[in-house]
Amino acid sequence: MRALLSVSDKTGLVPFATRLAALGFDLVSTGGTSRVLRESGLAVQDVSDLTGFPEMLDGRVKTLHPVVHGGLLARRDLPEHMEAIKTHNIGTIDLVVVNLYPFRETAAKSGVHPDEVIENIDIGGPSMLRSAAKNFPAVWVLVDPSDYEHVLAKIEAGDDDQALRRLLAEKVYAHTSGYDAAIAQWFAGQRGEPFPDRYPLAFEKQQSLRYGENPQQRAAFYVEKPGAGLGALVQKGGKELSFNNLLDLEGALLAIEPFAEQPACAIIKHTTPCGLATGTDALNAYKKALACDPVSAFGSVIAFTVPVDVAAAEAVSSLFVECVVAPSFSDEAVEILVRKKNLRVLQGRAKWPAGGMDFKRVRGGLLVQDRAPAPVDPTQWNVVTTRQPTSDETRDLMFAWKSVASVKSNAIVLVRDGATIGIGAGQMSRVDASFVAVHKATSAGHDTAGSALGSDAFFPFRDGVDQAAGAGVRAIVQPGGSVRDAEVIAAANEHGITMVFTGERLFRH
C-alpha cells in the first residue's frame with residue numbers, strides 16, 4: 001500500500017504518518033512535508049524518485065505526472081486499467097493527504113505583492129485531490145486533519161466504509177471549489193470589479209441548526225471562513241443559537257455599529273430595533289433603550305458596544321431575553337446571566353470583512369450589493385427650512401439618522417437625548433410609519449413634544465410632516481429628493497419645524 005502526503009497545514013501530520021507506516025503504507029511525499037517526516041525518523045520516498053523526473057520550475061511541476069495520476073485514477077475493478085498501469089510500471093496510490101497552498105492567507109496579508117499571491121495558487125494539489133476523489137472507492141482522500149483519526153480507525157479495523165470514502169470525496173470537491181472561488185474573487189478584485197460575470201461563493205458550515213425560521217424548515221449556519229463575522233462570537237452560556245437568533249444578532253450588531261465609540265445598547269425584535277440608545281454606561285444605555293418600547297422588548301436580542309458589568313447584567317436578567325451580545329462580560333455578569341438557562345450569552349466583536357458584500361436570495365438567483373455606507377456626516381447636510389436647528393436638535397438629528405439606518409423600511413424614528421422614544425418600522429406607507437412611531441411613543445408614556453424625527457427615505461407627501469407636527473416634533477432629518485419636496489418643506493415651515501436633507505437614502509428591505 002502507498003500513501004502520498006503533501007500538506008501546507010502540518011497539524012497532526014507526523015502522528016498520522018507514523019501510524020500509516022505501522023500499518024504497512026509506503027510513504028511518498030514532496031518538499032517541506034517530506035523534510036518534516038524524515039526529521040521525525042520516518043522512511044519517505046520523494047515524488048521525484050517515484051516519477052523518475054525532478055521537481056522543476058521552482059516546484060511548480062512535481063506531481064503532474066502519469067505515474068502519480070495513473071496510480072490515483074486506475075480503477076482496481078477494471079482489468080484493463082490494472083494491466084495498463086502494470087505495462088507502464090505504475091503502482092497504485094491508495095491514500096492521499098493534501099491541503100493546498102495558503103492562498104487566502106497570503107492574499108489577506110497587508111501590502112502583499114500580487115506575484116507572491118499568484119505563487120500561492122496551488123496546481124498539483126487540486127489535481128491530485130480531484131483524481132483521488134474521482135476514484136474514491138479505491139483511494140482514501142483527505143483534506144482535513146480532523147478526519148485523520150477517523151480514517152485511521154477504519155483502516156486499522158479493516159473497514160472499507162464506502163460511505164465514508166464518498167463523504168471524503170465530497171469534502172474534496174467542496175474544498176477545491178472554495179479554493180477556486182477565492183482565487184477568482186482575488187482576480188476580480190485586482191481589476192476593481194466587485195460584480196464579475198460569475199460570482200463564485202464558498203462558505204463553511206459553522207453549525208447545524210435545529211430548524212429554520214419555522215420548525216418545519218431545515219437550516220444550518222455557514223461562514224466565509226472559520227471565525228468570520230458572527231462565527232467569531234464565543235457563547236458563554238445558554239441554549240444553542242437558533243436561525244432566528246442569528247438573524248436578530250445581525251440586526252442588533254447593525255444597529256449599534258454607528259455608535260461603536262460610545263456606550264450604546266440596541267434591543268431587537270424580528271431584526272429591527274424596538275429600542276436604541278446611547279448612555280453614560282451599559283446600564284444607562286440599556287434603560288434608555290428599554291424605555292422606548294418595553295412591551296416589545298420581551299423575547300428580544302440585546303447588543304452592547306461596551307463591556308457588561310454586574311449592574312447591567314442584573315437589569316437584563318430581569319427581562320425575558322433570547323440573546324445578549326457584548327464585547328466582554330465581567331465574570332460576575334456571566335454568572336448572573338447564565339442563571340437564565342434559555343438566555344444565550346455571546347462575547348466578542350463580530351466584524352464585517354473589509355470589502356464584504358451584502359447578499360439577498362431570490363428565486364433562481366442572488367442579489368449582490370455593496371454594504372450600506374455609514375450615514376453621511378452632518379457637515380454634508382442641507383438645512384432646507386427657514387429655521388436652523390439648534391445644537392441640541394442637531395445632536396438628536398444625527399442620532400436619529402444613525403438609528404433609522406437599522407430599522408426596516410418604511411422607517412420612522414422619534415428620538416430625544418440620545419435615545420429612540422418611538423419607532424415605526426416595516427410599514428407600507430410613510431404616513432403609517434409616522435403614525436406607528438407616535439403611537440409607540442405615547443403608548444410607552446413618552447412626551448413627543450420637542451422630539452426629533454428621522455426618516456429613511458423622502459416624504460412623498462406633506463401628510464407625514466403634518467402628523468409629526470401634531471405630535472410636537474420640532475426637527476426632521478430625511479434624504480429629500482421627492483418631486484413634492486417644495487410642498488414638504490412648506491409644511492415644515494408652516495409648523496416651525498427645522499428640516500435637514502441628507503441627500504442619501506437608507507432603505508432596509
# chains A, B, ... in the order shown; residues from 1 in each chain; ligands from 1
call {"tool": "closest_atom_pairs", "arguments": {"of": "range 298-397 of chain A", "to": "range 231-240 of chain A", "cutoff": "6 Å", "atoms": "only C-alpha atoms", "output": "Markdown table"}}
result
| residue | atom | partner | partner_atom | distance |
| --- | --- | --- | --- | --- |
| A:Val338 | CA | A:Gly237 | CA | 5.5 |
| A:Lys341 | CA | A:Gly238 | CA | 5.2 |
| A:Asn342 | CA | A:Gly238 | CA | 5.2 |
| A:Leu343 | CA | A:Gly238 | CA | 4.9 |
| A:Arg344 | CA | A:Gly238 | CA | 4.1 |
| A:Val345 | CA | A:Gly237 | CA | 5.2 |
| A:Leu346 | CA | A:Gln235 | CA | 4.4 |
| A:Gln347 | CA | A:Val234 | CA | 5.1 |
| A:Gly348 | CA | A:Leu233 | CA | 4.9 |
| A:Ala350 | CA | A:Ala232 | CA | 5.8 |
call {"tool": "write_last_selection", "arguments": {"atoms": "N, CA and C atoms", "output": "short mmCIF file (atom, residue, chain, number, x, y, z; two decimals), in the first residue's frame"}}
result
data_model
loop_
_atom_site.label_atom_id
_atom_site.label_comp_id
_atom_site.auth_asym_id
_atom_site.auth_seq_id
_atom_site.Cartn_x
_atom_site.Cartn_y
_atom_site.Cartn_z
N VAL A 338 -26.12 33.59 33.14
CA VAL A 338 -26.29 32.17 32.82
C VAL A 338 -27.25 31.46 33.78
N LYS A 341 -31.38 29.85 31.98
CA LYS A 341 -30.91 28.76 31.13
C LYS A 341 -31.21 28.98 29.65
N ASN A 342 -32.27 29.74 29.37
CA ASN A 342 -32.63 29.96 27.98
C ASN A 342 -31.97 31.19 27.37
N LEU A 343 -31.19 31.93 28.15
CA LEU A 343 -30.54 33.14 27.67
C LEU A 343 -29.16 32.81 27.09
N ARG A 344 -28.99 33.08 25.81
CA ARG A 344 -27.68 32.87 25.18
C ARG A 344 -26.81 34.10 25.43
N VAL A 345 -25.64 33.88 25.97
CA VAL A 345 -24.70 34.97 26.27
C VAL A 345 -23.53 34.85 25.31
N LEU A 346 -23.32 35.89 24.50
CA LEU A 346 -22.31 35.84 23.45
C LEU A 346 -21.33 36.99 23.62
N GLN A 347 -20.06 36.64 23.55
CA GLN A 347 -19.00 37.61 23.78
C GLN A 347 -18.11 37.75 22.54
N GLY A 348 -17.74 38.99 22.23
CA GLY A 348 -16.81 39.21 21.13
C GLY A 348 -17.26 40.35 20.24
N ALA A 350 -18.11 40.91 16.32
CA ALA A 350 -18.36 40.28 15.02
C ALA A 350 -18.28 41.35 13.94
#
call {"tool": "residues_around", "arguments": {"residues": "Pro294 in chain A", "least_positions_apart": "5", "cutoff": "9 Å", "atoms": "only C-alpha atoms", "output": "list in words"}}
result
Cys274, Gly275, Ala289 and Ala444 of chain A
call {"tool": "write_last_selection", "arguments": {"atoms": "C-alpha atoms", "output": "mmCIF file, in the first residue's frame"}}
result
data_model
loop_
_atom_site.group_PDB
_atom_site.id
_atom_site.type_symbol
_atom_site.label_atom_id
_atom_site.label_comp_id
_atom_site.auth_asym_id
_atom_site.auth_seq_id
_atom_site.Cartn_x
_atom_site.Cartn_y
_atom_site.Cartn_z
ATOM 1 C CA CYS A 274 -37.600 48.345 19.299
ATOM 2 C CA GLY A 275 -35.200 50.451 21.339
ATOM 3 C CA ALA A 289 -33.299 51.759 25.066
ATOM 4 C CA ALA A 444 -44.844 53.915 26.371
#
call {"tool": "residues_around", "arguments": {"residues": "range 264-268 of chain A", "least_positions_apart": "2", "cutoff": "7 Å", "atoms": "only C-alpha atoms", "output": "ChimeraX atom specification"}}
result
/A:248,251-252,255-256,259,262,270-279,282,285-286,289,297,300-305
call {"tool": "write_last_selection", "arguments": {"atoms": "C-alpha atoms", "output": "PDB file, in the first residue's frame"}}
result
ATOM      1  CA  ASP A 248     -31.609  39.072  15.204  1.00  0.00           C
ATOM      2  CA  GLY A 251     -29.805  43.175  13.260  1.00  0.00           C
ATOM      3  CA  ALA A 252     -28.573  44.065  16.741  1.00  0.00           C
ATOM      4  CA  ALA A 255     -27.987  48.843  14.967  1.00  0.00           C
ATOM      5  CA  ILE A 256     -25.113  49.551  17.370  1.00  0.00           C
ATOM      6  CA  PHE A 259     -22.248  54.040  17.930  1.00  0.00           C
ATOM      7  CA  GLN A 262     -19.617  55.274  22.923  1.00  0.00           C
ATOM      8  CA  HIS A 270     -37.591  40.446  14.295  1.00  0.00           C
ATOM      9  CA  THR A 271     -34.309  42.005  13.068  1.00  0.00           C
ATOM     10  CA  THR A 272     -35.359  45.613  13.699  1.00  0.00           C
ATOM     11  CA  PRO A 273     -34.852  47.791  16.782  1.00  0.00           C
ATOM     12  CA  CYS A 274     -37.600  48.345  19.299  1.00  0.00           C
ATOM     13  CA  GLY A 275     -35.200  50.451  21.339  1.00  0.00           C
ATOM     14  CA  LEU A 276     -31.821  52.054  20.712  1.00  0.00           C
ATOM     15  CA  ALA A 277     -29.891  54.436  22.903  1.00  0.00           C
ATOM     16  CA  THR A 278     -26.530  55.813  23.901  1.00  0.00           C
ATOM     17  CA  GLY A 279     -25.719  56.485  27.523  1.00  0.00           C
ATOM     18  CA  ALA A 282     -24.052  49.935  29.666  1.00  0.00           C
ATOM     19  CA  ALA A 285     -27.896  52.913  27.695  1.00  0.00           C
ATOM     20  CA  TYR A 286     -29.958  49.768  28.351  1.00  0.00           C
ATOM     21  CA  ALA A 289     -33.299  51.759  25.066  1.00  0.00           C
ATOM     22  CA  ALA A 297     -38.600  44.044  24.323  1.00  0.00           C
ATOM     23  CA  SER A 300     -35.639  40.259  22.315  1.00  0.00           C
ATOM     24  CA  VAL A 301     -31.963  40.175  21.400  1.00  0.00           C
ATOM     25  CA  ILE A 302     -29.835  42.834  23.095  1.00  0.00           C
ATOM     26  CA  ALA A 303     -26.468  44.187  21.953  1.00  0.00           C
ATOM     27  CA  PHE A 304     -23.999  46.455  23.750  1.00  0.00           C
ATOM     28  CA  THR A 305     -20.995  48.346  22.419  1.00  0.00           C
TER      29      THR A 305
END
call {"tool": "closest_residue", "arguments": {"among": "A:Gln190, A:Gln388, A:Pro378, A:Tyr222", "to": "His113 in chain A", "atoms": "only C-alpha atoms"}}
result
A:Gln190
call {"tool": "residues_around", "arguments": {"residues": "Pro126 in chain A", "least_positions_apart": "2", "cutoff": "10 Å", "atoms": "only C-alpha atoms", "output": "PyMOL selection string"}}
result
chain A and resi 98-101+121-124+128-132+172-173+175-177+179-180
call {"tool": "write_last_selection", "arguments": {"atoms": "N, CA and C atoms", "output": "short mmCIF file (atom, residue, chain, number, x, y, z; two decimals), in the first residue's frame"}}
result
data_model
loop_
_atom_site.label_atom_id
_atom_site.label_comp_id
_atom_site.auth_asym_id
_atom_site.auth_seq_id
_atom_site.Cartn_x
_atom_site.Cartn_y
_atom_site.Cartn_z
N VAL A 98 -3.71 15.80 1.18
CA VAL A 98 -3.27 17.05 0.58
C VAL A 98 -4.11 18.19 1.15
N ASN A 99 -3.46 19.24 1.63
CA ASN A 99 -4.18 20.51 1.75
C ASN A 99 -3.34 21.57 1.06
N LEU A 100 -4.00 22.57 0.57
CA LEU A 100 -3.45 23.38 -0.50
C LEU A 100 -2.62 24.56 -0.02
N TYR A 101 -1.84 25.12 -0.95
CA TYR A 101 -1.05 26.30 -0.63
C TYR A 101 -1.95 27.35 0.04
N ILE A 121 -1.03 30.00 -5.68
CA ILE A 121 -2.11 29.27 -6.35
C ILE A 121 -1.62 27.84 -6.58
N ASP A 122 -2.21 26.91 -5.90
CA ASP A 122 -1.80 25.51 -5.99
C ASP A 122 -2.35 24.87 -7.26
N ILE A 123 -1.51 24.16 -7.97
CA ILE A 123 -1.91 23.47 -9.21
C ILE A 123 -1.90 21.96 -9.01
N GLY A 124 -0.77 21.45 -8.55
CA GLY A 124 -0.67 20.00 -8.39
C GLY A 124 -1.57 19.47 -7.30
N MET A 128 -4.25 16.41 -7.76
CA MET A 128 -4.18 15.13 -7.05
C MET A 128 -5.47 14.85 -6.29
N LEU A 129 -6.00 15.87 -5.64
CA LEU A 129 -7.23 15.69 -4.88
C LEU A 129 -8.38 15.27 -5.78
N ARG A 130 -8.49 15.92 -6.90
CA ARG A 130 -9.61 15.61 -7.80
C ARG A 130 -9.47 14.21 -8.38
N SER A 131 -8.24 13.82 -8.71
CA SER A 131 -8.03 12.46 -9.22
C SER A 131 -8.37 11.42 -8.17
N ALA A 132 -7.88 11.65 -6.95
CA ALA A 132 -8.13 10.69 -5.89
C ALA A 132 -9.61 10.62 -5.55
N VAL A 172 -13.62 16.93 -0.64
CA VAL A 172 -12.56 17.38 -1.56
C VAL A 172 -13.11 18.37 -2.57
N TYR A 173 -14.21 18.01 -3.20
CA TYR A 173 -14.73 18.90 -4.25
C TYR A 173 -15.26 20.21 -3.67
N HIS A 175 -13.93 21.58 -1.05
CA HIS A 175 -12.70 22.28 -0.68
C HIS A 175 -12.05 22.94 -1.90
N THR A 176 -11.91 22.21 -2.98
CA THR A 176 -11.28 22.77 -4.18
C THR A 176 -12.16 23.82 -4.83
N SER A 177 -13.48 23.64 -4.73
CA SER A 177 -14.39 24.65 -5.26
C SER A 177 -14.23 25.96 -4.51
N TYR A 179 -11.61 26.93 -2.89
CA TYR A 179 -10.27 27.42 -3.20
C TYR A 179 -10.29 28.19 -4.53
N ASP A 180 -10.92 27.59 -5.52
CA ASP A 180 -11.02 28.26 -6.82
C ASP A 180 -11.84 29.54 -6.73
#
call {"tool": "closest_residue", "arguments": {"among": "A:Asn410, A:Ser40, A:Ser208, A:Ser317", "to": "Thr18 in chain A", "atoms": "only C-alpha atoms"}}
result
A:Ser40
call {"tool": "closest_residue", "arguments": {"among": "A:Ser434, A:Asn120, A:Thr420, A:Asn89", "to": "Lys288 in chain A", "atoms": "only C-alpha atoms"}}
result
A:Thr420
call {"tool": "atom_distance", "arguments": {"atom1": "CA of Ser146 in chain A", "atom2": "CA of Arg210 in chain A"}}
result
23.7 Å
call {"tool": "atom_distance", "arguments": {"atom1": "CA of Leu50 in chain A", "atom2": "CA of Glu116 in chain A"}}
result
29.2 Å
call {"tool": "select_by_dssp", "arguments": {"residues": "range 13-222 of chain A", "states": "strand (DSSP E or B)", "output": "number ranges by chain"}}
result
A: 26-29, 44-46, 56, 61, 95-99, 140-142, 204-209, 219-222
